[in-house]
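Reading through the structure tokens given below for one structure.
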Amino acid sequence: MSWFVLCVKEQQELEVANILERMNVEVFCPVVRDTRDWSDNKKVVETPLFKSFVFVNLEEKYRGLVFGAPGVVRYLFWQGKPAVVSNEEIWTMKKWMADDSNDVEALSKLIPGSEIMIEKGVQKDHSGIVYWVRKNNVSFLLKEMGVVAQAKLKDVV
């Protein structure tokens with residue numbers, strides 16, 4: 001069995017993941033919790049870490065099964081073949097998501113396009129390229145994994 005990357009309709013990641021789980025497909029759709037401020041209150045919302053992507057663990061011959069779920073668009077392809085994510089990478093992401101210390105700490109002068117080295121947490125010693133910076137959030141490409149991750153900045157100098 002291999003972990004494949006499914007492209008799904010925008011904002012339907014969690015719904016697709018739930019449907020696939022009910023179809024007995026092993027699914028991984030990491031979510032991040034964020035506090036949103038509305039005019040009258042604050043609310044904690046869960047949003048997918050990877051927009052429009054869901055990971056599924058299937059045997060090659062059962063890849064077509066996922067198209068029975070509404071919202072599934074296609075598989076992500078890499079060099080003409082369906083993209084496969086290793087068990088180690090999925091395990092690392094699961095561990096990273098479970099770790100409360102996955103925030104990027106004390107980063108200064110973050111400029112989109114610049115390269116950073118992750119110094120703490122599960123992604124320690126991995127390099128990334130800054131994608132965007134907004135207030136106390138940063139999005140960066142983890143080069144070895146080929147994925148974009150987001151983190152809250154604890155201390156911005």
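Residue numbers start at 1 in each chain; chains themselves are named A, B, ... in the order of the structure tokens; ligands are numbered from 1 in the order shown.
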Would you mind listing what lies within 12 Å of segment 35-48 of chain A as a list in words, with only C-alpha atoms counted and same-chain residues fewer than 6 positions away left out?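 The filter keeps Val8, Glu10, Gln11, Gln12, Glu13, Leu14, Glu15, Val16, Ala17, Phe28, Cys29, Val54, Phe55, Met97, Val148, Ala149, Gln150 and Lys152 of chain A.
Once Leu76 of chain A and its same-chain neighbours fewer than 5 positions away are set aside, Phe4, Val5, Leu6, Cys7, Pro82 and Ala83 of chain A remain within 8 Å of it when counting only C-alpha atoms.
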Could you write out that same residue set with C-alpha atoms as a PDB file, in the first residue's frame?
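Printed below is selection_20.pdb as written:
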ATOM      1  CA  PHE A   4      -1.186   8.945  -2.660  1.00  0.00           C
ATOM      2  CA  VAL A   5      -2.034  12.646  -2.811  1.00  0.00           C
ATOM      3  CA  LEU A   6      -5.599  13.467  -3.836  1.00  0.00           C
ATOM      4  CA  CYS A   7      -6.541  16.858  -5.248  1.00  0.00           C
ATOM      5  CA  PRO A  82       0.760   9.467  -9.290  1.00  0.00           C
ATOM      6  CA  ALA A  83       2.668  11.222  -6.502  1.00  0.00           C
TER       7      ALA A  83
END
By how many Å are atom CA of Val31 of chain A and atom CA of Leu49 of chain A apart?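 Separation of atom CA of Val31 of chain A and atom CA of Leu49 of chain A: 5.1 Å.
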Nearest candidate to Val66 of chain A (options A:Ile90, A:Met23, A:Ala98, A:Val133; using only C-alpha atoms): A:Met23
Ile19 of chain A: which residues within 10 Å, counting only C-alpha atoms, same-chain residues fewer than 6 positions away excluded, as a compact mmCIF listing (two decimals) with N, CA and C atoms, in the first residue's frame?
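This is the output file result.txt:
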# COMPACT_ATOMS: atom_id res chain seq x y z
N VAL A 25 -11.37 3.75 3.61
CA VAL A 25 -10.09 4.14 3.03
C VAL A 25 -9.30 4.85 4.13
N VAL A 27 -7.17 7.56 5.52
CA VAL A 27 -7.04 8.95 5.08
C VAL A 27 -6.21 9.73 6.08
N VAL A 66 -11.55 6.05 -4.94
CA VAL A 66 -11.76 7.37 -4.32
C VAL A 66 -12.68 8.27 -5.13
N GLY A 68 -15.50 7.76 -6.07
CA GLY A 68 -16.88 7.61 -5.61
C GLY A 68 -17.25 8.67 -4.58
N ALA A 69 -16.27 9.42 -4.11
CA ALA A 69 -16.53 10.47 -3.11
C ALA A 69 -16.69 11.81 -3.80
N PRO A 70 -17.80 12.51 -3.55
CA PRO A 70 -17.98 13.83 -4.14
C PRO A 70 -16.87 14.78 -3.66
N GLY A 71 -16.37 15.60 -4.55
CA GLY A 71 -15.34 16.56 -4.19
C GLY A 71 -13.94 16.15 -4.63
Residue among A:Leu65, A:Val56, A:Val72, A:Leu20 lying closest to Asn87 of chain A, counting only C-alpha atoms: A:Val56
Restricting the calculation to only C-alpha atoms, which member of A:Pro30, A:Leu142, A:Trp78, A:Ile116 is positioned closest to Lys51 of chain A?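 Comparing A:Pro30, A:Leu142, A:Trp78, A:Ile116 against Lys51 of chain A, the winner is A:Pro30.
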Report the distance between atom CA of Gly113 of chain A and atom CA of Phe77 of chain A in Å, rounded to one decimal place.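 Calculated distance between atom CA of Gly113 of chain A and atom CA of Phe77 of chain A is 24.4 Å.
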With only C-alpha atoms as the basis for distance, which of A:Leu58, A:Trp3, A:Ile118, A:Ser52 is at the shortest distance from Asn24 of chain A?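 With only C-alpha atoms as the atom set, the closest residue is A:Leu58.
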If you count only C-alpha atoms, the residue of A:Lys61, A:Asp125, A:Ser114, A:Trp96 closest to Val32 of chain A turns out to be A:Trp96
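Relative to atom CA of Val73 of chain A, atom CA of Val130 of chain A is found at 27.9 Å.
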Which is closest to Ile129 of chain A among A:Ala151, A:Met93, A:Val84, A:Met117, if we use only C-alpha atoms?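 Using only C-alpha atoms, the shortest distance to Ile129 of chain A belongs to A:Met117.
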Mind listing the strand (DSSP E or B) residues of segment 12-112 of chain A, per DSSP on the backbone, as a VMD selection string? chain A and resid 26 to 28 31 to 37 42 to 48 53 to 58 72 to 75 77 to 78 81 to 82 84 to 85 104 107
